[in-house]
file start-v5.cif (mmCIF, C-alpha atoms)
data_upload
#
loop_
_atom_site.group_PDB
_atom_site.id
_atom_site.type_symbol
_atom_site.label_atom_id
_atom_site.label_comp_id
_atom_site.auth_asym_id
_atom_site.auth_seq_id
_atom_site.Cartn_x
_atom_site.Cartn_y
_atom_site.Cartn_z
ATOM 1 C CA MET A 1 29.004 -57.658 -84.375
ATOM 2 C CA PRO A 2 32.133 -57.842 -86.541
ATOM 3 C CA GLU A 3 33.459 -61.039 -84.874
ATOM 4 C CA LEU A 4 31.926 -64.345 -83.810
ATOM 5 C CA ALA A 5 34.084 -64.048 -80.679
ATOM 6 C CA LEU A 6 32.143 -60.894 -79.750
ATOM 7 C CA HIS A 7 28.833 -62.763 -80.056
ATOM 8 C CA ILE A 8 30.318 -65.418 -77.769
ATOM 9 C CA LEU A 9 31.400 -62.765 -75.244
ATOM 10 C CA ASP A 10 27.906 -61.298 -75.314
ATOM 11 C CA LEU A 11 26.043 -64.598 -74.987
ATOM 12 C CA VAL A 12 28.295 -65.872 -72.205
ATOM 13 C CA GLN A 13 27.280 -62.730 -70.287
ATOM 14 C CA ASN A 14 23.731 -64.127 -70.303
ATOM 15 C CA SER A 15 25.060 -67.261 -68.625
ATOM 16 C CA VAL A 16 26.983 -65.163 -66.087
ATOM 17 C CA ALA A 17 23.837 -63.116 -65.381
ATOM 18 C CA ALA A 18 21.872 -66.346 -64.978
ATOM 19 C CA GLY A 19 24.037 -67.213 -61.989
ATOM 20 C CA ALA A 20 25.965 -70.047 -63.649
ATOM 21 C CA THR A 21 28.875 -71.564 -61.740
ATOM 22 C CA SER A 22 30.195 -73.368 -64.762
ATOM 23 C CA ILE A 23 30.005 -72.296 -68.409
ATOM 24 C CA THR A 24 31.316 -74.330 -71.313
ATOM 25 C CA VAL A 25 31.892 -72.839 -74.756
ATOM 26 C CA THR A 26 32.606 -75.288 -77.543
ATOM 27 C CA ILE A 27 33.707 -74.136 -80.971
ATOM 28 C CA ALA A 28 33.970 -76.932 -83.502
ATOM 29 C CA TYR A 29 34.930 -76.746 -87.159
ATOM 30 C CA ASP A 30 34.273 -79.724 -89.402
ATOM 31 C CA ARG A 31 35.758 -78.993 -92.786
ATOM 32 C CA ALA A 32 34.559 -82.174 -94.413
ATOM 33 C CA ALA A 33 30.968 -81.300 -93.549
ATOM 34 C CA ASP A 34 31.619 -77.550 -94.034
ATOM 35 C CA THR A 35 30.101 -76.723 -90.649
ATOM 36 C CA LEU A 36 30.950 -74.549 -87.700
ATOM 37 C CA THR A 37 29.150 -75.325 -84.460
ATOM 38 C CA ILE A 38 29.195 -73.048 -81.420
ATOM 39 C CA VAL A 39 27.701 -74.387 -78.209
ATOM 40 C CA ILE A 40 27.310 -72.352 -75.028
ATOM 41 C CA GLU A 41 26.265 -74.475 -72.099
ATOM 42 C CA ASP A 42 25.677 -73.255 -68.587
ATOM 43 C CA ASP A 43 24.330 -74.475 -65.285
ATOM 44 C CA GLY A 44 22.546 -71.183 -64.550
ATOM 45 C CA ARG A 45 18.980 -70.756 -63.404
ATOM 46 C CA GLY A 46 17.545 -71.736 -66.780
ATOM 47 C CA MET A 47 14.406 -70.504 -68.497
ATOM 48 C CA SER A 48 10.777 -71.543 -68.509
ATOM 49 C CA GLU A 49 9.347 -73.079 -71.662
ATOM 50 C CA GLU A 50 7.533 -69.821 -72.469
ATOM 51 C CA LEU A 51 10.690 -67.759 -72.085
ATOM 52 C CA VAL A 52 12.655 -70.151 -74.323
ATOM 53 C CA LYS A 53 9.987 -69.722 -77.001
ATOM 54 C CA SER A 54 10.003 -65.946 -76.808
ATOM 55 C CA VAL A 55 13.654 -65.229 -76.070
ATOM 56 C CA ALA A 56 14.588 -64.889 -79.745
ATOM 57 C CA SER A 57 12.269 -61.893 -79.969
ATOM 58 C CA PRO A 58 14.088 -58.572 -79.691
ATOM 59 C CA PHE A 59 11.275 -57.360 -77.462
ATOM 60 C CA VAL A 60 11.941 -59.903 -74.753
ATOM 61 C CA THR A 61 14.724 -59.225 -72.272
ATOM 62 C CA THR A 62 15.597 -59.530 -68.610
ATOM 63 C CA ARG A 63 17.512 -56.288 -68.613
ATOM 64 C CA THR A 64 15.859 -53.527 -66.654
ATOM 65 C CA THR A 65 17.387 -50.524 -68.401
ATOM 66 C CA ARG A 66 15.630 -51.084 -71.731
ATOM 67 C CA LYS A 67 12.817 -53.087 -73.193
ATOM 68 C CA VAL A 68 14.862 -54.627 -75.988
ATOM 69 C CA GLY A 69 17.431 -57.396 -75.935
ATOM 70 C CA LEU A 70 19.385 -58.116 -79.103
ATOM 71 C CA GLY A 71 22.009 -60.682 -78.090
ATOM 72 C CA ILE A 72 20.118 -63.844 -78.976
ATOM 73 C CA PRO A 73 18.088 -62.380 -81.895
ATOM 74 C CA MET A 74 21.249 -61.165 -83.640
ATOM 75 C CA PHE A 75 22.979 -64.507 -83.168
ATOM 76 C CA GLN A 76 19.972 -66.417 -84.443
ATOM 77 C CA GLN A 77 19.664 -64.136 -87.456
ATOM 78 C CA LEU A 78 23.337 -64.656 -88.239
ATOM 79 C CA ALA A 79 23.089 -68.451 -87.971
ATOM 80 C CA GLU A 80 20.048 -68.552 -90.257
ATOM 81 C CA MET A 81 21.669 -66.155 -92.721
ATOM 82 C CA CYS A 82 24.688 -68.481 -92.881
ATOM 83 C CA GLY A 83 22.811 -71.663 -93.693
ATOM 84 C CA GLY A 84 22.434 -72.824 -90.113
ATOM 85 C CA ALA A 85 20.172 -72.439 -87.113
ATOM 86 C CA LEU A 86 20.095 -71.593 -83.439
ATOM 87 C CA LYS A 87 18.632 -74.066 -80.987
ATOM 88 C CA ILE A 88 17.959 -73.260 -77.367
ATOM 89 C CA SER A 89 17.219 -75.839 -74.743
ATOM 90 C CA SER A 90 16.719 -74.860 -71.155
ATOM 91 C CA LYS A 91 15.331 -76.169 -67.925
ATOM 92 C CA PRO A 92 14.501 -74.012 -64.928
ATOM 93 C CA GLY A 93 17.032 -74.678 -62.210
ATOM 94 C CA ALA A 94 19.252 -76.784 -64.455
ATOM 95 C CA GLY A 95 20.747 -74.503 -67.076
ATOM 96 C CA THR A 96 20.633 -73.440 -70.670
ATOM 97 C CA THR A 97 22.319 -74.692 -73.797
ATOM 98 C CA LEU A 98 22.575 -72.616 -76.966
ATOM 99 C CA THR A 99 23.631 -74.485 -80.080
ATOM 100 C CA ALA A 100 24.358 -72.499 -83.213
ATOM 101 C CA THR A 101 25.344 -74.034 -86.516
ATOM 102 C CA PHE A 102 26.767 -72.241 -89.525
ATOM 103 C CA ARG A 103 27.972 -73.234 -92.960
ATOM 104 C CA ALA A 104 31.687 -72.650 -92.387
ATOM 105 C CA SER A 105 32.332 -71.386 -95.919
ATOM 106 C CA HIS A 106 29.301 -69.071 -96.034
ATOM 107 C CA VAL A 107 30.198 -65.675 -97.441
ATOM 108 C CA ASP A 108 28.215 -63.837 -94.746
ATOM 109 C CA LEU A 109 29.938 -65.591 -91.845
ATOM 110 C CA PRO A 110 32.035 -63.064 -89.918
ATOM 111 C CA PRO A 111 35.567 -64.080 -88.917
ATOM 112 C CA MET A 112 36.014 -65.795 -85.551
ATOM 113 C CA GLY A 113 38.028 -62.787 -84.387
ATOM 114 C CA SER A 114 39.964 -62.782 -81.158
ATOM 115 C CA LEU A 115 38.926 -65.605 -78.862
ATOM 116 C CA ARG A 116 41.922 -64.662 -76.747
ATOM 117 C CA GLU A 117 40.466 -61.211 -76.086
ATOM 118 C CA THR A 118 37.021 -62.641 -75.433
ATOM 119 C CA ILE A 119 38.410 -65.120 -72.912
ATOM 120 C CA LEU A 120 40.560 -62.434 -71.249
ATOM 121 C CA ALA A 121 37.623 -60.025 -70.993
ATOM 122 C CA LEU A 122 35.456 -62.730 -69.405
ATOM 123 C CA VAL A 123 38.109 -63.867 -66.952
ATOM 124 C CA ALA A 124 39.108 -60.286 -66.056
ATOM 125 C CA ALA A 125 35.501 -59.318 -65.459
ATOM 126 C CA CYS A 126 34.640 -62.495 -63.522
ATOM 127 C CA PRO A 127 37.893 -63.354 -61.744
ATOM 128 C CA GLU A 128 36.491 -65.611 -59.047
ATOM 129 C CA SER A 129 33.455 -67.292 -60.508
ATOM 130 C CA PRO A 130 31.927 -68.750 -62.608
ATOM 131 C CA ASP A 131 34.343 -71.226 -64.090
ATOM 132 C CA PHE A 132 34.787 -71.056 -67.840
ATOM 133 C CA ARG A 133 35.690 -73.988 -70.020
ATOM 134 C CA PHE A 134 36.624 -73.325 -73.653
ATOM 135 C CA VAL A 135 36.879 -76.145 -76.135
ATOM 136 C CA TYR A 136 38.269 -75.302 -79.569
ATOM 137 C CA ARG A 137 38.110 -78.141 -82.030
ATOM 138 C CA ALA A 138 38.926 -78.502 -85.690
ATOM 139 C CA ASP A 139 38.943 -81.740 -87.636
ATOM 140 C CA GLY A 140 39.842 -83.986 -84.732
ATOM 141 C CA ARG A 141 42.333 -81.684 -83.035
ATOM 142 C CA GLU A 142 41.300 -80.061 -79.798
ATOM 143 C CA PHE A 143 42.400 -77.377 -77.355
ATOM 144 C CA VAL A 144 40.790 -76.967 -73.940
ATOM 145 C CA PHE A 145 41.194 -74.135 -71.470
ATOM 146 C CA ASP A 146 39.367 -74.526 -68.177
ATOM 147 C CA THR A 147 39.599 -71.932 -65.416
ATOM 148 C CA SER A 148 38.816 -74.567 -62.782
ATOM 149 C CA GLU A 149 42.055 -76.284 -63.690
ATOM 150 C CA VAL A 150 44.165 -73.157 -63.128
ATOM 151 C CA ARG A 151 42.630 -72.076 -59.826
ATOM 152 C CA ALA A 152 44.055 -74.848 -57.651
ATOM 153 C CA PRO A 153 47.677 -74.371 -58.643
ATOM 154 C CA LEU A 154 47.232 -70.598 -58.263
ATOM 155 C CA GLY A 155 45.929 -71.027 -54.729
ATOM 156 C CA ASN A 156 42.614 -69.426 -55.736
ATOM 157 C CA LEU A 157 44.057 -65.983 -56.487
ATOM 158 C CA PRO A 158 41.665 -63.819 -58.481
ATOM 159 C CA LEU A 159 42.333 -64.554 -62.146
ATOM 160 C CA SER A 160 42.259 -60.817 -62.907
ATOM 161 C CA GLU A 161 45.820 -60.484 -61.600
ATOM 162 C CA PRO A 162 47.800 -59.015 -64.528
ATOM 163 C CA GLU A 163 50.410 -61.730 -64.565
ATOM 164 C CA ILE A 164 47.819 -64.460 -64.560
ATOM 165 C CA LEU A 165 45.885 -62.773 -67.385
ATOM 166 C CA GLU A 166 49.039 -62.486 -69.423
ATOM 167 C CA TRP A 167 49.693 -66.187 -68.960
ATOM 168 C CA ILE A 168 46.131 -67.102 -69.883
ATOM 169 C CA GLY A 169 46.324 -64.947 -73.030
ATOM 170 C CA GLU A 170 49.473 -66.634 -74.203
ATOM 171 C CA TYR A 171 48.286 -70.116 -73.288
ATOM 172 C CA VAL A 172 45.056 -69.634 -75.220
ATOM 173 C CA SER A 173 46.749 -68.090 -78.277
ATOM 174 C CA GLU A 174 49.197 -70.971 -78.489
ATOM 175 C CA GLY A 175 46.518 -73.611 -78.079
ATOM 176 C CA ILE A 176 44.303 -72.129 -80.771
ATOM 177 C CA ARG A 177 47.240 -71.664 -83.114
ATOM 178 C CA GLU A 178 48.157 -75.304 -82.702
ATOM 179 C CA VAL A 179 44.671 -76.486 -83.623
ATOM 180 C CA ASP A 180 44.455 -74.084 -86.584
ATOM 181 C CA GLY A 181 47.963 -74.961 -87.769
ATOM 182 C CA SER A 182 46.947 -78.466 -88.712
ATOM 183 C CA GLN A 183 44.358 -77.297 -91.224
ATOM 184 C CA MET B 184 6.943 -68.430 -45.355
ATOM 185 C CA LYS B 185 10.534 -68.433 -46.408
ATOM 186 C CA SER B 186 11.413 -69.959 -49.720
ATOM 187 C CA LEU B 187 14.536 -70.626 -51.732
ATOM 188 C CA ALA B 188 13.620 -67.580 -53.804
ATOM 189 C CA ASP B 189 14.514 -65.366 -50.797
ATOM 190 C CA LEU B 190 18.126 -66.459 -51.082
ATOM 191 C CA GLU B 191 18.602 -64.691 -54.389
ATOM 192 C CA ALA B 192 17.544 -61.371 -52.863
ATOM 193 C CA ILE B 193 19.767 -61.969 -49.829
ATOM 194 C CA ARG B 194 22.663 -62.823 -52.096
ATOM 195 C CA GLN B 195 22.165 -59.643 -54.119
ATOM 196 C CA ARG B 196 21.942 -57.458 -51.029
ATOM 197 C CA THR B 197 25.117 -59.010 -49.666
ATOM 198 C CA LEU B 198 26.832 -58.591 -52.994
ATOM 199 C CA ASP B 199 26.034 -54.874 -52.968
ATOM 200 C CA LYS B 200 27.581 -54.554 -49.525
ATOM 201 C CA VAL B 201 30.715 -56.324 -50.682
ATOM 202 C CA ASN B 202 30.885 -54.030 -53.699
ATOM 203 C CA LEU B 203 30.425 -50.964 -51.504
ATOM 204 C CA ARG B 204 33.278 -52.095 -49.297
ATOM 205 C CA ARG B 205 35.427 -52.518 -52.345
ATOM 206 C CA GLU B 206 34.582 -48.975 -53.423
ATOM 207 C CA HIS B 207 35.858 -47.679 -50.139
ATOM 208 C CA GLU B 208 39.085 -49.514 -50.626
ATOM 209 C CA GLY B 209 39.984 -47.823 -53.854
ATOM 210 C CA THR B 210 39.005 -46.625 -57.277
ATOM 211 C CA ARG B 211 36.521 -48.580 -59.354
ATOM 212 C CA VAL B 212 36.526 -48.598 -63.143
ATOM 213 C CA VAL B 213 33.364 -50.227 -64.470
ATOM 214 C CA VAL B 214 32.890 -50.968 -68.168
ATOM 215 C CA GLY B 215 29.414 -51.579 -69.627
ATOM 216 C CA MET B 216 29.518 -55.022 -71.241
ATOM 217 C CA ALA B 217 25.955 -55.670 -72.394
ATOM 218 C CA THR B 218 25.183 -56.383 -76.065
ATOM 219 C CA CYS B 219 25.197 -52.653 -76.829
ATOM 220 C CA GLY B 220 28.577 -52.114 -75.168
ATOM 221 C CA ILE B 221 30.210 -55.128 -76.781
ATOM 222 C CA ALA B 222 28.901 -54.221 -80.242
ATOM 223 C CA ALA B 223 30.267 -50.690 -79.819
ATOM 224 C CA GLY B 224 33.738 -51.872 -78.798
ATOM 225 C CA ALA B 225 33.753 -52.413 -75.013
ATOM 226 C CA ARG B 226 36.046 -55.450 -75.150
ATOM 227 C CA PRO B 227 39.234 -53.612 -76.227
ATOM 228 C CA VAL B 228 38.324 -50.764 -73.839
ATOM 229 C CA LEU B 229 38.111 -53.142 -70.856
ATOM 230 C CA LEU B 230 41.427 -54.743 -71.817
ATOM 231 C CA ALA B 231 43.060 -51.324 -72.352
ATOM 232 C CA PHE B 232 42.073 -50.274 -68.815
ATOM 233 C CA MET B 233 43.484 -53.515 -67.381
ATOM 234 C CA GLU B 234 46.716 -52.974 -69.296
ATOM 235 C CA GLU B 235 47.102 -49.322 -68.320
ATOM 236 C CA VAL B 236 46.379 -50.036 -64.652
ATOM 237 C CA ASN B 237 48.947 -52.834 -64.755
ATOM 238 C CA LYS B 238 51.530 -50.688 -66.561
ATOM 239 C CA ARG B 239 51.244 -47.996 -63.912
ATOM 240 C CA LYS B 240 51.149 -50.557 -61.094
ATOM 241 C CA LEU B 241 47.999 -49.041 -59.609
ATOM 242 C CA LEU B 242 47.175 -51.490 -56.852
ATOM 243 C CA ASN B 243 44.110 -49.662 -55.502
ATOM 244 C CA VAL B 244 42.180 -49.758 -58.786
ATOM 245 C CA THR B 245 39.636 -52.440 -59.630
ATOM 246 C CA VAL B 246 38.483 -52.891 -63.218
ATOM 247 C CA ALA B 247 35.092 -54.573 -63.436
ATOM 248 C CA GLN B 248 32.140 -54.914 -65.780
ATOM 249 C CA THR B 249 28.468 -54.192 -65.588
ATOM 250 C CA GLY B 250 25.454 -54.735 -67.808
ATOM 251 C CA CYS B 251 23.658 -52.107 -69.826
ATOM 252 C CA ILE B 252 24.094 -48.650 -68.304
ATOM 253 C CA GLY B 253 21.017 -47.463 -70.196
ATOM 254 C CA MET B 254 22.195 -45.156 -72.956
ATOM 255 C CA CYS B 255 23.154 -47.652 -75.614
ATOM 256 C CA ARG B 256 23.866 -45.037 -78.295
ATOM 257 C CA LEU B 257 26.677 -43.623 -76.145
ATOM 258 C CA GLU B 258 28.495 -46.933 -75.636
ATOM 259 C CA PRO B 259 31.163 -47.924 -74.875
ATOM 260 C CA MET B 260 30.496 -46.338 -71.499
ATOM 261 C CA VAL B 261 32.803 -46.431 -68.495
ATOM 262 C CA GLU B 262 31.995 -45.351 -64.946
ATOM 263 C CA ILE B 263 34.872 -44.300 -62.718
ATOM 264 C CA THR B 264 34.448 -43.819 -58.983
ATOM 265 C CA LEU B 265 37.327 -42.456 -56.906
ATOM 266 C CA PRO B 266 37.134 -43.136 -53.159
ATOM 267 C CA GLY B 267 34.756 -40.658 -51.543
ATOM 268 C CA GLU B 268 33.867 -39.006 -54.850
ATOM 269 C CA GLU B 269 30.884 -39.058 -57.173
ATOM 270 C CA LYS B 270 30.786 -41.442 -60.078
ATOM 271 C CA VAL B 271 31.958 -39.986 -63.399
ATOM 272 C CA THR B 272 30.526 -41.494 -66.584
ATOM 273 C CA TYR B 273 32.581 -41.514 -69.765
ATOM 274 C CA VAL B 274 30.902 -42.110 -73.109
ATOM 275 C CA ARG B 275 32.057 -43.361 -76.509
ATOM 276 C CA VAL B 276 35.292 -44.512 -74.958
ATOM 277 C CA THR B 277 37.954 -45.946 -77.255
ATOM 278 C CA PRO B 278 41.201 -47.726 -76.321
ATOM 279 C CA GLU B 279 43.036 -44.561 -77.472
ATOM 280 C CA LYS B 280 41.267 -42.484 -74.813
ATOM 281 C CA VAL B 281 42.077 -44.883 -71.990
ATOM 282 C CA ALA B 282 45.674 -43.815 -71.230
ATOM 283 C CA ARG B 283 44.615 -40.188 -70.815
ATOM 284 C CA ILE B 284 41.630 -41.069 -68.599
ATOM 285 C CA VAL B 285 43.847 -43.191 -66.356
ATOM 286 C CA GLU B 286 46.598 -40.584 -66.168
ATOM 287 C CA GLU B 287 44.442 -37.521 -65.586
ATOM 288 C CA HIS B 288 41.499 -38.930 -63.666
ATOM 289 C CA VAL B 289 42.446 -42.187 -61.958
ATOM 290 C CA VAL B 290 45.972 -41.068 -61.024
ATOM 291 C CA ASN B 291 45.628 -37.299 -60.679
ATOM 292 C CA GLY B 292 41.960 -36.960 -59.768
ATOM 293 C CA ARG B 293 40.945 -34.618 -62.603
ATOM 294 C CA PRO B 294 38.171 -36.045 -64.797
ATOM 295 C CA VAL B 295 38.739 -35.650 -68.545
ATOM 296 C CA LEU B 296 35.713 -33.417 -69.049
ATOM 297 C CA GLU B 297 35.672 -33.577 -72.828
ATOM 298 C CA TYR B 298 34.995 -37.353 -72.718
ATOM 299 C CA VAL B 299 32.400 -37.179 -69.941
ATOM 300 C CA ILE B 300 28.691 -37.682 -70.589
ATOM 301 C CA GLY B 301 27.037 -34.423 -71.633
ATOM 302 C CA ALA B 302 30.129 -33.228 -73.474
ATOM 303 C CA GLU B 303 29.694 -35.590 -76.445
ATOM 304 C CA GLY B 304 28.961 -33.918 -79.754
ATOM 305 C CA LYS B 305 30.329 -30.586 -78.535
ATOM 306 C CA ALA B 306 33.572 -29.854 -80.317
#
call {"tool": "encode", "arguments": {"input": "start-v5.cif", "output": "C-alpha cells"}}
result
Amino acid sequence: MPELALHILDLVQNSVAAGATSITVTIAYDRAADTLTIVIEDDGRGMSEELVKSVASPFVTTRTTRKVGLGIPMFQQLAEMCGGALKISSKPGAGTTLTATFRASHVDLPPMGSLRETILALVAACPESPDFRFVYRADGREFVFDTSEVRAPLGNLPLSEPEILEWIGEYVSEGIREVDGSQ
Amino acid sequence: MKSLADLEAIRQRTLDKVNLRREHEGTRVVVGMATCGIAAGARPVLLAFMEEVNKRKLLNVTVAQTGCIGMCRLEPMVEITLPGEEKVTYVRVTPEKVARIVEEHVVNGRPVLEYVIGAEGKA
C-alpha cells in the first residue's frame, strides 16, 4: 500500500466486519522520540487467543472468497521493517486493539497519505453505523473527529449525504492541517 | 436450544432483506473494499462514484461497499445493479472511467461493455 492511510482504511474494515459499534483510530507523532504510533481500537466481537496468535499469518483469514488475508500481515511487516512492531490484543465479545509503532524518520515508512479520503470512504460506506472516532496528535496538539458527535445535530441523517460528506472532508482537512502546522 | 449465536444469523438474514428492498428502490453501485481492492485503488473509485452521483443529482442511486468479490487480480471491481436488471461487474476500474460508467450505464442503462468483466485484456 502506498499510503499509511490506506492501511488504516483496510484495517478499520476488519473492525467494521467484526460488528463494532464504535471504532477509534489514533495517530500520534512524537518527534522528540522519533515515533509514530497508530492504534485501531474497536468494540467488535473480538478474537480467541488462538486466532490472535495466528492472525498475522497470510494463510489465516475470515474471508470466504479466498484462503489468504494480507491486511494484518502487510501492516505488521511494514511496522517491523520501519523499526517498530505490531501488537494485537483482543478478547472475545469485548473487542480488538491493534497497536503499531514505527520510527517516524525511517526511510521505508510510506507517507501518511490522505486521511481525509480514508475517513470519507469509511463514512460514505458505513453511513449509519458504526461510529468512528479519529484522533490525530502531534507533539501535544490534537484534532478529534467523532461521528457520534455529528449525528445528533444532523438529526441522524445518513452521513453519506453529499453535503454532509463535503463538510466532513473540509472539517477533517482543516483539523489535520492545524495540528501539522505547528511542527 | 436457542443461544445468543442465533442472533447473528437472524441479523444477517434481516440485513439481506433490507438490502434487497433497497435494490428495488433504485440502482446500487457496490465497490469492493477488501485489502485487494484498497491496494489496487478502490478508495478514489468509491469517492469518484459518490462525486459523480452527487454532481448529476441522482437520488435513486446508492453507493456502497463490499468485501472481497473474489478475483483480486481484477480489482478495483465495481458491481452495478439497475432495478430489475442483472448485476454488471466492472473490473480494473479507475476514477477516470467512473464518469463514463455513470453516464452510459447508471443514467442511460447501457453497460460500458469494454470495462465489464470478461472484456479485460482484449483491446
call {"tool": "closest_atom_pairs", "arguments": {"input": "start-v5.cif", "of": "chain A", "to": "chain B", "cutoff": "8 Å", "atoms": "all atoms listed in the file", "output": "Markdown table"}}
result
| residue | atom | partner | partner_atom | distance |
| --- | --- | --- | --- | --- |
| A:Met1 | CA | B:Ala222 | CA | 5.4 |
| A:Pro2 | CA | B:Ala222 | CA | 8.0 |
| A:Leu6 | CA | B:Ile221 | CA | 6.8 |
| A:Leu9 | CA | B:Ile221 | CA | 7.9 |
| A:Asp10 | CA | B:Thr218 | CA | 5.7 |
| A:Gln13 | CA | B:Ala217 | CA | 7.5 |
| A:Arg63 | CA | B:Cys251 | CA | 7.5 |
| A:Thr65 | CA | B:Gly253 | CA | 5.1 |
| A:Arg66 | CA | B:Gly253 | CA | 6.7 |
| A:Gly69 | CA | B:Thr218 | CA | 7.8 |
| A:Leu70 | CA | B:Thr218 | CA | 6.8 |
| A:Gly71 | CA | B:Thr218 | CA | 5.7 |
| A:Glu117 | CA | B:Arg226 | CA | 7.3 |
| A:Thr118 | CA | B:Arg226 | CA | 7.3 |
| A:Leu120 | CA | B:Leu230 | CA | 7.8 |
| A:Ala121 | CA | B:Arg226 | CA | 6.4 |
| A:Ala124 | CA | B:Ala247 | CA | 7.5 |
| A:Ala125 | CA | B:Ala247 | CA | 5.2 |
| A:Cys126 | CA | B:Ala247 | CA | 7.9 |
| A:Pro162 | CA | B:Asn237 | CA | 6.3 |
call {"tool": "resolve_selection", "arguments": {"input": "start-v5.cif", "expression": "the PyMOL selection byres ((chain B and resi 293) around 12)", "output": "mmCIF file with C-alpha atoms, in the frame of the given file"}}
result
data_model
loop_
_atom_site.group_PDB
_atom_site.id
_atom_site.type_symbol
_atom_site.label_atom_id
_atom_site.label_comp_id
_atom_site.auth_asym_id
_atom_site.auth_seq_id
_atom_site.Cartn_x
_atom_site.Cartn_y
_atom_site.Cartn_z
ATOM 1 C CA ILE B 263 34.872 -44.300 -62.718
ATOM 2 C CA THR B 264 34.448 -43.819 -58.983
ATOM 3 C CA LEU B 265 37.327 -42.456 -56.906
ATOM 4 C CA GLU B 268 33.867 -39.006 -54.850
ATOM 5 C CA VAL B 271 31.958 -39.986 -63.399
ATOM 6 C CA ARG B 283 44.615 -40.188 -70.815
ATOM 7 C CA ILE B 284 41.630 -41.069 -68.599
ATOM 8 C CA VAL B 285 43.847 -43.191 -66.356
ATOM 9 C CA GLU B 286 46.598 -40.584 -66.168
ATOM 10 C CA GLU B 287 44.442 -37.521 -65.586
ATOM 11 C CA HIS B 288 41.499 -38.930 -63.666
ATOM 12 C CA VAL B 289 42.446 -42.187 -61.958
ATOM 13 C CA VAL B 290 45.972 -41.068 -61.024
ATOM 14 C CA ASN B 291 45.628 -37.299 -60.679
ATOM 15 C CA GLY B 292 41.960 -36.960 -59.768
ATOM 16 C CA PRO B 294 38.171 -36.045 -64.797
ATOM 17 C CA VAL B 295 38.739 -35.650 -68.545
ATOM 18 C CA LEU B 296 35.713 -33.417 -69.049
ATOM 19 C CA GLU B 297 35.672 -33.577 -72.828
ATOM 20 C CA VAL B 299 32.400 -37.179 -69.941
#
call {"tool": "resolve_selection", "arguments": {"input": "start-v5.cif", "expression": "the PyMOL selection byres ((chain A and resi 160) around 7)", "output": "ChimeraX atom specification"}}
result
/A:123-124,127,158-159,161-162,164-165
call {"tool": "residues_around", "arguments": {"input": "start-v5.cif", "residues": "Met260 (chain B)", "least_positions_apart": "4", "cutoff": "7 Å", "atoms": "all atoms listed in the file", "output": "list in words"}}
result
Val214, Gly215, Thr272, Tyr273, Val274, Arg275 and Val276 of chain B
call {"tool": "residues_around", "arguments": {"input": "start-v5.cif", "residues": "region 141-153 of chain A", "least_positions_apart": "2", "cutoff": "9 Å", "atoms": "all atoms listed in the file", "output": "ChimeraX atom specification"}}
result
/A:22,24,28,123,128,130-139,155-159,168,171-172,175-176,178-180,182
